>>> print(open('my_file_34.cif').read())   # mmCIF, C-alpha atoms, pLDDT in the B column; chains and numbers go by the auth columns
data_structure
loop_
_atom_site.group_PDB
_atom_site.id
_atom_site.type_symbol
_atom_site.label_atom_id
_atom_site.label_comp_id
_atom_site.label_asym_id
_atom_site.label_seq_id
_atom_site.Cartn_x
_atom_site.Cartn_y
_atom_site.Cartn_z
_atom_site.B_iso_or_equiv
_atom_site.auth_seq_id
_atom_site.auth_asym_id
ATOM 1 C CA ASP A 1 -0.392 11.517 10.932 58.00 1 A
ATOM 2 C CA ALA A 2 2.797 9.773 9.919 62.00 2 A
ATOM 3 C CA LYS A 3 4.004 10.453 6.408 88.00 3 A
ATOM 4 C CA THR A 4 4.389 7.756 3.785 94.00 4 A
ATOM 5 C CA THR A 5 6.843 7.268 0.948 95.00 5 A
ATOM 6 C CA GLN A 6 5.951 5.340 -2.194 97.00 6 A
ATOM 7 C CA PRO A 7 7.731 4.831 -5.509 97.00 7 A
ATOM 8 C CA PRO A 8 6.171 7.048 -8.180 97.00 8 A
ATOM 9 C CA SER A 9 5.605 4.222 -10.641 97.00 9 A
ATOM 10 C CA MET A 10 5.783 0.458 -11.100 98.00 10 A
ATOM 11 C CA ASP A 11 5.158 -1.980 -13.910 97.00 11 A
ATOM 12 C CA CYS A 12 3.693 -5.448 -13.699 96.00 12 A
ATOM 13 C CA ALA A 13 2.912 -8.156 -16.227 97.00 13 A
ATOM 14 C CA GLU A 14 -0.662 -9.379 -16.386 97.00 14 A
ATOM 15 C CA GLY A 15 -1.171 -12.495 -14.277 97.00 15 A
ATOM 16 C CA ARG A 16 1.828 -11.782 -12.099 97.00 16 A
ATOM 17 C CA ALA A 17 1.739 -10.601 -8.510 97.00 17 A
ATOM 18 C CA ALA A 18 2.047 -6.855 -8.042 98.00 18 A
ATOM 19 C CA ASN A 19 3.895 -5.894 -4.864 98.00 19 A
ATOM 20 C CA LEU A 20 3.546 -2.233 -3.986 98.00 20 A
ATOM 21 C CA PRO A 21 5.814 -0.985 -1.199 98.00 21 A
ATOM 22 C CA CYS A 22 5.184 1.810 1.258 97.00 22 A
ATOM 23 C CA ASN A 23 7.513 3.281 3.818 96.00 23 A
ATOM 24 C CA HIS A 24 6.048 4.783 6.990 94.00 24 A
ATOM 25 C CA SER A 25 9.007 4.877 9.340 93.00 25 A
ATOM 26 C CA THR A 26 7.448 7.456 11.692 90.00 26 A
ATOM 27 C CA ILE A 27 4.243 5.518 12.271 90.00 27 A
ATOM 28 C CA SER A 28 3.026 5.490 15.849 86.00 28 A
ATOM 29 C CA GLY A 29 1.474 2.640 17.784 84.00 29 A
ATOM 30 C CA ASN A 30 -2.169 3.509 17.223 84.00 30 A
ATOM 31 C CA GLU A 31 -1.928 4.381 13.547 88.00 31 A
ATOM 32 C CA TYR A 32 -3.413 2.161 10.883 91.00 32 A
ATOM 33 C CA VAL A 33 -2.128 1.699 7.341 94.00 33 A
ATOM 34 C CA TYR A 34 -4.767 2.219 4.658 95.00 34 A
ATOM 35 C CA TRP A 35 -4.556 1.507 0.957 97.00 35 A
ATOM 36 C CA TYR A 36 -6.714 3.091 -1.691 98.00 36 A
ATOM 37 C CA ARG A 37 -6.525 3.018 -5.447 98.00 37 A
ATOM 38 C CA GLN A 38 -7.786 5.387 -8.110 98.00 38 A
ATOM 39 C CA ILE A 39 -8.531 4.204 -11.590 97.00 39 A
ATOM 40 C CA HIS A 40 -8.388 6.861 -14.269 94.00 40 A
ATOM 41 C CA SER A 41 -11.377 9.262 -14.186 92.00 41 A
ATOM 42 C CA GLN A 42 -12.849 7.639 -11.092 96.00 42 A
ATOM 43 C CA GLY A 43 -12.798 8.478 -7.412 97.00 43 A
ATOM 44 C CA PRO A 44 -10.461 6.660 -5.013 97.00 44 A
ATOM 45 C CA GLN A 45 -11.548 3.209 -3.890 97.00 45 A
ATOM 46 C CA TYR A 46 -10.796 1.649 -0.518 96.00 46 A
ATOM 47 C CA ILE A 47 -8.775 -1.556 -0.753 98.00 47 A
ATOM 48 C CA ILE A 48 -7.661 -2.698 2.679 97.00 48 A
ATOM 49 C CA HIS A 49 -6.255 -1.540 6.000 94.00 49 A
ATOM 50 C CA GLY A 50 -4.321 -3.001 8.919 94.00 50 A
ATOM 51 C CA LEU A 51 -2.659 -2.227 12.219 92.00 51 A
ATOM 52 C CA LYS A 52 0.076 -4.796 12.708 91.00 52 A
ATOM 53 C CA ASN A 53 -1.194 -8.144 11.541 86.00 53 A
ATOM 54 C CA ASN A 54 -1.245 -9.130 7.911 94.00 54 A
ATOM 55 C CA GLU A 55 -4.629 -8.732 6.305 96.00 55 A
ATOM 56 C CA THR A 56 -6.285 -10.276 3.279 97.00 56 A
ATOM 57 C CA ASN A 57 -9.555 -9.628 1.508 96.00 57 A
ATOM 58 C CA GLU A 58 -11.007 -10.351 -1.890 95.00 58 A
ATOM 59 C CA MET A 59 -9.023 -7.551 -3.486 94.00 59 A
ATOM 60 C CA ALA A 60 -5.556 -7.769 -1.987 97.00 60 A
ATOM 61 C CA SER A 61 -3.232 -8.724 0.843 98.00 61 A
ATOM 62 C CA LEU A 62 -1.469 -6.315 3.152 98.00 62 A
ATOM 63 C CA ILE A 63 1.839 -7.290 4.702 98.00 63 A
ATOM 64 C CA ILE A 64 3.105 -5.055 7.519 97.00 64 A
ATOM 65 C CA THR A 65 6.635 -5.530 8.799 96.00 65 A
ATOM 66 C CA GLU A 66 7.116 -6.428 12.426 95.00 66 A
ATOM 67 C CA ASP A 67 8.507 -3.001 13.274 94.00 67 A
ATOM 68 C CA ARG A 68 5.577 -1.477 11.326 95.00 68 A
ATOM 69 C CA LYS A 69 7.873 0.902 9.494 95.00 69 A
ATOM 70 C CA SER A 70 6.890 -0.378 6.088 96.00 70 A
ATOM 71 C CA SER A 71 4.195 -2.373 4.357 97.00 71 A
ATOM 72 C CA THR A 72 3.480 -4.039 1.045 98.00 72 A
ATOM 73 C CA LEU A 73 0.217 -4.270 -0.811 98.00 73 A
ATOM 74 C CA ILE A 74 -0.004 -7.435 -2.852 98.00 74 A
ATOM 75 C CA LEU A 75 -2.307 -7.955 -5.804 98.00 75 A
ATOM 76 C CA PRO A 76 -1.821 -11.709 -6.311 96.00 76 A
ATOM 77 C CA HIS A 77 -2.776 -11.930 -9.979 96.00 77 A
ATOM 78 C CA ALA A 78 -2.724 -8.496 -11.556 97.00 78 A
ATOM 79 C CA THR A 79 -5.067 -7.770 -14.432 97.00 79 A
ATOM 80 C CA LEU A 80 -5.221 -4.866 -16.858 97.00 80 A
ATOM 81 C CA ARG A 81 -8.050 -3.434 -14.753 96.00 81 A
ATOM 82 C CA ASP A 82 -5.646 -3.073 -11.828 98.00 82 A
ATOM 83 C CA THR A 83 -3.841 -0.286 -13.663 98.00 83 A
ATOM 84 C CA ALA A 84 -4.336 2.651 -11.309 98.00 84 A
ATOM 85 C CA VAL A 85 -2.710 4.990 -8.813 98.00 85 A
ATOM 86 C CA TYR A 86 -2.292 3.295 -5.442 98.00 86 A
ATOM 87 C CA TYR A 87 -2.204 5.389 -2.281 97.00 87 A
ATOM 88 C CA CYS A 88 -0.740 4.289 1.038 97.00 88 A
ATOM 89 C CA ILE A 89 -2.101 6.345 3.953 94.00 89 A
ATOM 90 C CA VAL A 90 -1.413 6.269 7.675 91.00 90 A
ATOM 91 C CA ARG A 91 -4.207 7.346 10.006 86.00 91 A
ATOM 92 C CA GLY A 92 -4.671 7.247 13.746 74.00 92 A
ATOM 93 C CA ALA A 93 -7.436 5.090 15.165 61.00 93 A
ATOM 94 C CA ASN A 94 -8.626 7.676 17.632 57.00 94 A
ATOM 95 C CA GLN A 95 -8.540 10.688 15.371 57.00 95 A
ATOM 96 C CA ALA A 96 -12.252 11.108 15.135 55.00 96 A
ATOM 97 C CA GLY A 97 -13.191 12.036 11.650 54.00 97 A
ATOM 98 C CA THR A 98 -9.668 12.972 10.678 68.00 98 A
ATOM 99 C CA ALA A 99 -9.603 13.198 6.943 74.00 99 A
ATOM 100 C CA LEU A 100 -7.344 10.906 4.988 85.00 100 A
ATOM 101 C CA ILE A 101 -4.231 12.662 3.732 86.00 101 A
ATOM 102 C CA PHE A 102 -3.305 11.467 0.269 91.00 102 A
ATOM 103 C CA GLY A 103 0.162 11.721 -1.214 90.00 103 A
ATOM 104 C CA LYS A 104 0.974 11.256 -4.881 92.00 104 A
ATOM 105 C CA GLY A 105 0.815 7.464 -4.675 96.00 105 A
ATOM 106 C CA THR A 106 2.301 4.839 -6.988 98.00 106 A
ATOM 107 C CA THR A 107 1.114 4.555 -10.545 98.00 107 A
ATOM 108 C CA LEU A 108 0.879 0.845 -11.329 98.00 108 A
ATOM 109 C CA SER A 109 0.839 -0.090 -14.998 98.00 109 A
ATOM 110 C CA VAL A 110 -0.234 -3.641 -15.787 98.00 110 A
ATOM 111 C CA SER A 111 0.520 -4.797 -19.306 97.00 111 A
ATOM 112 C CA SER A 112 -0.224 -7.924 -21.283 94.00 112 A
ATOM 113 C CA GLU B 1 -27.001 -0.081 -3.035 67.00 1 B
ATOM 114 C CA ALA B 2 -26.233 3.176 -4.786 84.00 2 B
ATOM 115 C CA GLY B 3 -22.826 4.713 -4.238 95.00 3 B
ATOM 116 C CA VAL B 4 -21.953 8.354 -3.774 97.00 4 B
ATOM 117 C CA VAL B 5 -23.546 10.339 -6.582 97.00 5 B
ATOM 118 C CA GLN B 6 -22.076 13.578 -7.863 98.00 6 B
ATOM 119 C CA SER B 7 -23.193 16.013 -10.517 98.00 7 B
ATOM 120 C CA PRO B 8 -22.363 17.455 -12.890 98.00 8 B
ATOM 121 C CA ARG B 9 -19.688 15.101 -14.101 97.00 9 B
ATOM 122 C CA TYR B 10 -18.071 17.811 -16.200 98.00 10 B
ATOM 123 C CA LYS B 11 -18.413 21.578 -16.170 98.00 11 B
ATOM 124 C CA ILE B 12 -16.750 24.205 -18.327 98.00 12 B
ATOM 125 C CA ILE B 13 -17.147 27.848 -17.387 98.00 13 B
ATOM 126 C CA GLU B 14 -15.426 31.147 -17.972 97.00 14 B
ATOM 127 C CA LYS B 15 -13.487 32.785 -15.185 96.00 15 B
ATOM 128 C CA LYS B 16 -15.492 34.937 -12.806 97.00 16 B
ATOM 129 C CA GLN B 17 -18.597 32.818 -13.348 98.00 17 B
ATOM 130 C CA PRO B 18 -20.194 30.891 -10.477 98.00 18 B
ATOM 131 C CA VAL B 19 -20.393 27.101 -10.363 98.00 19 B
ATOM 132 C CA ALA B 20 -21.990 24.585 -8.036 98.00 20 B
ATOM 133 C CA PHE B 21 -21.435 20.891 -7.456 98.00 21 B
ATOM 134 C CA TRP B 22 -23.909 18.533 -5.850 98.00 22 B
ATOM 135 C CA CYS B 23 -23.291 15.370 -3.862 98.00 23 B
ATOM 136 C CA ASN B 24 -25.639 12.686 -2.586 97.00 24 B
ATOM 137 C CA PRO B 25 -23.856 10.406 -0.107 97.00 25 B
ATOM 138 C CA ILE B 26 -24.566 6.774 0.630 96.00 26 B
ATOM 139 C CA SER B 27 -27.730 6.385 2.664 94.00 27 B
ATOM 140 C CA GLY B 28 -27.000 6.376 6.383 92.00 28 B
ATOM 141 C CA HIS B 29 -23.532 7.899 6.086 93.00 29 B
ATOM 142 C CA ASN B 30 -23.408 10.843 8.454 91.00 30 B
ATOM 143 C CA THR B 31 -19.928 12.012 7.531 92.00 31 B
ATOM 144 C CA LEU B 32 -19.398 13.778 4.222 94.00 32 B
ATOM 145 C CA TYR B 33 -16.178 15.095 2.702 94.00 33 B
ATOM 146 C CA TRP B 34 -15.340 17.364 -0.193 96.00 34 B
ATOM 147 C CA TYR B 35 -11.891 16.890 -1.672 96.00 35 B
ATOM 148 C CA LEU B 36 -10.064 18.777 -4.405 97.00 36 B
ATOM 149 C CA GLN B 37 -7.760 16.932 -6.781 97.00 37 B
ATOM 150 C CA ASN B 38 -5.359 18.719 -9.077 96.00 38 B
ATOM 151 C CA LEU B 39 -3.836 16.937 -12.041 94.00 39 B
ATOM 152 C CA GLY B 40 -1.143 14.489 -10.979 92.00 40 B
ATOM 153 C CA GLN B 41 -1.765 15.041 -7.272 94.00 41 B
ATOM 154 C CA GLY B 42 -3.607 13.154 -4.576 94.00 42 B
ATOM 155 C CA PRO B 43 -6.935 14.461 -3.270 95.00 43 B
ATOM 156 C CA GLU B 44 -6.821 17.274 -0.698 94.00 44 B
ATOM 157 C CA LEU B 45 -9.539 17.877 1.867 93.00 45 B
ATOM 158 C CA LEU B 46 -11.645 21.013 1.526 95.00 46 B
ATOM 159 C CA ILE B 47 -14.328 20.433 4.135 94.00 47 B
ATOM 160 C CA ARG B 48 -15.788 17.697 6.311 92.00 48 B
ATOM 161 C CA TYR B 49 -19.339 17.493 7.645 93.00 49 B
ATOM 162 C CA GLU B 50 -20.705 15.544 10.555 90.00 50 B
ATOM 163 C CA ASN B 51 -24.422 15.542 9.794 91.00 51 B
ATOM 164 C CA GLU B 52 -25.265 19.205 9.129 91.00 52 B
ATOM 165 C CA GLU B 53 -22.235 20.620 10.903 91.00 53 B
ATOM 166 C CA ALA B 54 -19.034 21.598 9.119 92.00 54 B
ATOM 167 C CA VAL B 55 -16.444 20.357 11.600 87.00 55 B
ATOM 168 C CA ASP B 56 -13.304 20.869 9.521 86.00 56 B
ATOM 169 C CA ASP B 57 -13.256 23.625 6.929 89.00 57 B
ATOM 170 C CA SER B 58 -9.765 24.921 7.556 86.00 58 B
ATOM 171 C CA GLN B 59 -8.661 24.199 3.974 89.00 59 B
ATOM 172 C CA LEU B 60 -11.677 25.771 2.310 93.00 60 B
ATOM 173 C CA PRO B 61 -10.853 29.121 0.631 92.00 61 B
ATOM 174 C CA LYS B 62 -13.714 30.977 2.199 91.00 62 B
ATOM 175 C CA ASP B 63 -13.415 34.097 0.099 95.00 63 B
ATOM 176 C CA ARG B 64 -14.814 32.288 -2.928 97.00 64 B
ATOM 177 C CA PHE B 65 -15.811 28.789 -1.823 97.00 65 B
ATOM 178 C CA SER B 66 -18.861 27.873 0.192 97.00 66 B
ATOM 179 C CA ALA B 67 -20.547 24.630 1.075 97.00 67 B
ATOM 180 C CA GLU B 68 -23.707 23.501 2.742 96.00 68 B
ATOM 181 C CA ARG B 69 -25.287 20.267 3.831 96.00 69 B
ATOM 182 C CA LEU B 70 -28.909 20.921 4.589 84.00 70 B
ATOM 183 C CA LYS B 71 -30.746 18.250 6.579 86.00 71 B
ATOM 184 C CA GLY B 72 -27.511 16.314 6.896 84.00 72 B
ATOM 185 C CA VAL B 73 -27.869 14.458 3.612 93.00 73 B
ATOM 186 C CA ASP B 74 -27.099 16.082 0.253 96.00 74 B
ATOM 187 C CA SER B 75 -24.364 18.663 -0.001 98.00 75 B
ATOM 188 C CA THR B 76 -23.520 21.477 -2.380 98.00 76 B
ATOM 189 C CA LEU B 77 -20.124 23.033 -2.994 98.00 77 B
ATOM 190 C CA LYS B 78 -20.107 26.447 -4.645 98.00 78 B
ATOM 191 C CA ILE B 79 -17.389 28.601 -6.152 98.00 79 B
ATOM 192 C CA GLN B 80 -18.067 32.259 -6.837 97.00 80 B
ATOM 193 C CA PRO B 81 -16.329 33.711 -8.711 96.00 81 B
ATOM 194 C CA ALA B 82 -14.288 30.942 -10.300 97.00 82 B
ATOM 195 C CA GLU B 83 -10.635 31.521 -11.154 97.00 83 B
ATOM 196 C CA LEU B 84 -8.404 29.769 -13.662 97.00 84 B
ATOM 197 C CA GLY B 85 -6.611 27.963 -10.834 96.00 85 B
ATOM 198 C CA ASP B 86 -9.845 26.336 -9.705 97.00 86 B
ATOM 199 C CA SER B 87 -9.715 23.935 -12.644 98.00 87 B
ATOM 200 C CA ALA B 88 -9.581 20.532 -10.962 98.00 88 B
ATOM 201 C CA VAL B 89 -11.662 17.525 -10.004 98.00 89 B
ATOM 202 C CA TYR B 90 -13.944 17.984 -7.013 98.00 90 B
ATOM 203 C CA LEU B 91 -14.546 14.726 -5.182 98.00 91 B
ATOM 204 C CA CYS B 92 -17.239 13.967 -2.655 98.00 92 B
ATOM 205 C CA ALA B 93 -16.903 11.102 -0.207 96.00 93 B
ATOM 206 C CA SER B 94 -18.963 9.733 2.645 95.00 94 B
ATOM 207 C CA SER B 95 -18.422 7.379 5.543 92.00 95 B
ATOM 208 C CA PHE B 96 -20.372 5.782 8.344 89.00 96 B
ATOM 209 C CA GLY B 97 -19.232 7.191 11.636 76.00 97 B
ATOM 210 C CA VAL B 98 -16.383 9.460 12.592 69.00 98 B
ATOM 211 C CA TYR B 99 -13.699 6.897 13.340 76.00 99 B
ATOM 212 C CA THR B 100 -13.605 4.883 10.167 81.00 100 B
ATOM 213 C CA GLY B 101 -10.958 5.449 7.538 85.00 101 B
ATOM 214 C CA GLU B 102 -13.027 3.636 4.944 91.00 102 B
ATOM 215 C CA LEU B 103 -14.401 6.368 2.730 93.00 103 B
ATOM 216 C CA PHE B 104 -16.619 5.902 -0.285 96.00 104 B
ATOM 217 C CA PHE B 105 -15.910 8.332 -3.088 97.00 105 B
ATOM 218 C CA GLY B 106 -18.027 9.532 -5.951 98.00 106 B
ATOM 219 C CA GLU B 107 -16.682 9.762 -9.493 97.00 107 B
ATOM 220 C CA GLY B 108 -15.977 13.450 -9.111 98.00 108 B
ATOM 221 C CA SER B 109 -16.892 16.635 -10.931 98.00 109 B
ATOM 222 C CA ARG B 110 -14.276 17.888 -13.354 98.00 110 B
ATOM 223 C CA LEU B 111 -14.206 21.684 -13.572 98.00 111 B
ATOM 224 C CA THR B 112 -12.495 23.572 -16.376 98.00 112 B
ATOM 225 C CA VAL B 113 -12.254 27.343 -16.021 98.00 113 B
ATOM 226 C CA LEU B 114 -11.426 29.215 -19.238 97.00 114 B
#
>>> encode(input="my_file_34.cif", output="structure tokens")
Amino acid sequence: DAKTTQPPSMDCAEGRAANLPCNHSTISGNEYVYWYRQIHSQGPQYIIHGLKNNETNEMASLIITEDRKSSTLILPHATLRDTAVYYCIVRGANQAGTALIFGKGTTLSVSS
Amino acid sequence: EAGVVQSPRYKIIEKKQPVAFWCNPISGHNTLYWYLQNLGQGPELLIRYENEEAVDDSQLPKDRFSAERLKGVDSTLKIQPAELGDSAVYLCASSFGVYTGELFFGEGSRLTVL
């Protein structure tokens, strides 16, 4: 699996968009980008994933650059409850059952 | 629908004592994972089950750790004897099918070894 690089921490004002970057310059053609988040004292929670097209769901939007070497997770209107560690993970589509490999992620702090 | 259930939520033991953690995955999920999370780090895989079979246990310290998933549903992770360095959060996750990267995690079991 390709490795990812994320900033260790970010701050965001409540109500503003939070844009979390992830670099995955060694990603290969069949590898997806997954985002998870982990709120304090809870287990990680799946947010969204994508291959090359931008994706949106009720939680967030995922923007993947055309060369697929980086992506951005967007929380359009951050709330205090979005304070968490956000993990960007790259995983191959055909790696049956391959476990997700988590890095240290980005700690997002949302303040009022 | 109930999520992944883990127990106990917290456990404090003295070193050299045994400890066991239990996990009940989401109904219908045939794949089950145990992860270890140290403070300030991301989760690390210990073992993965496909139904009753442990198909990836390469990261499980087999001298003191053991796991089982009888009948392909609930799973138990055991440590015997526990060491100070085992203090961590033990996370259980489940998924439907072997190809998905969408895992559902429990809240974890926090172990403190004194």
>>> closest_residue(input="my_file_34.cif", among="B:Tyr99, B:Tyr49, B:Tyr90, B:Phe105", to="Gln37 (chain B)", atoms="all atoms listed in the file")
B:Tyr90
>>> closest_residue(input="my_file_34.cif", among="A:Leu51, A:Ala84, A:Met59, A:Ala78", to="Ser28 (chain A)", atoms="only C-alpha atoms")
A:Leu51
>>> resolve_selection(input="my_file_34.cif", expression="the PyMOL selection byres ((chain A) within 12 of (chain B))", output="number ranges by chain")
A: 8, 31-50, 85-107
>>> atom_distance(input="my_file_34.cif", atom1="CA of Ser61 (chain A)", atom2="CA of Leu20 (chain A)")
10.6 Å
>>> resolve_selection(input="my_file_34.cif", expression="the PyMOL selection byres ((chain B and resi 19) around 10)", output="list in words")
Lys11, Ile12, Ile13, Glu14, Lys16, Gln17, Pro18, Ala20, Phe21, Phe65, Leu77, Lys78, Ile79, Gln80, Pro81, Ala82, Leu111 and Val113 of chain B
>>> atom_distance(input="my_file_34.cif", atom1="CA of Phe96 (chain B)", atom2="CA of Lys52 (chain A)")
23.4 Å
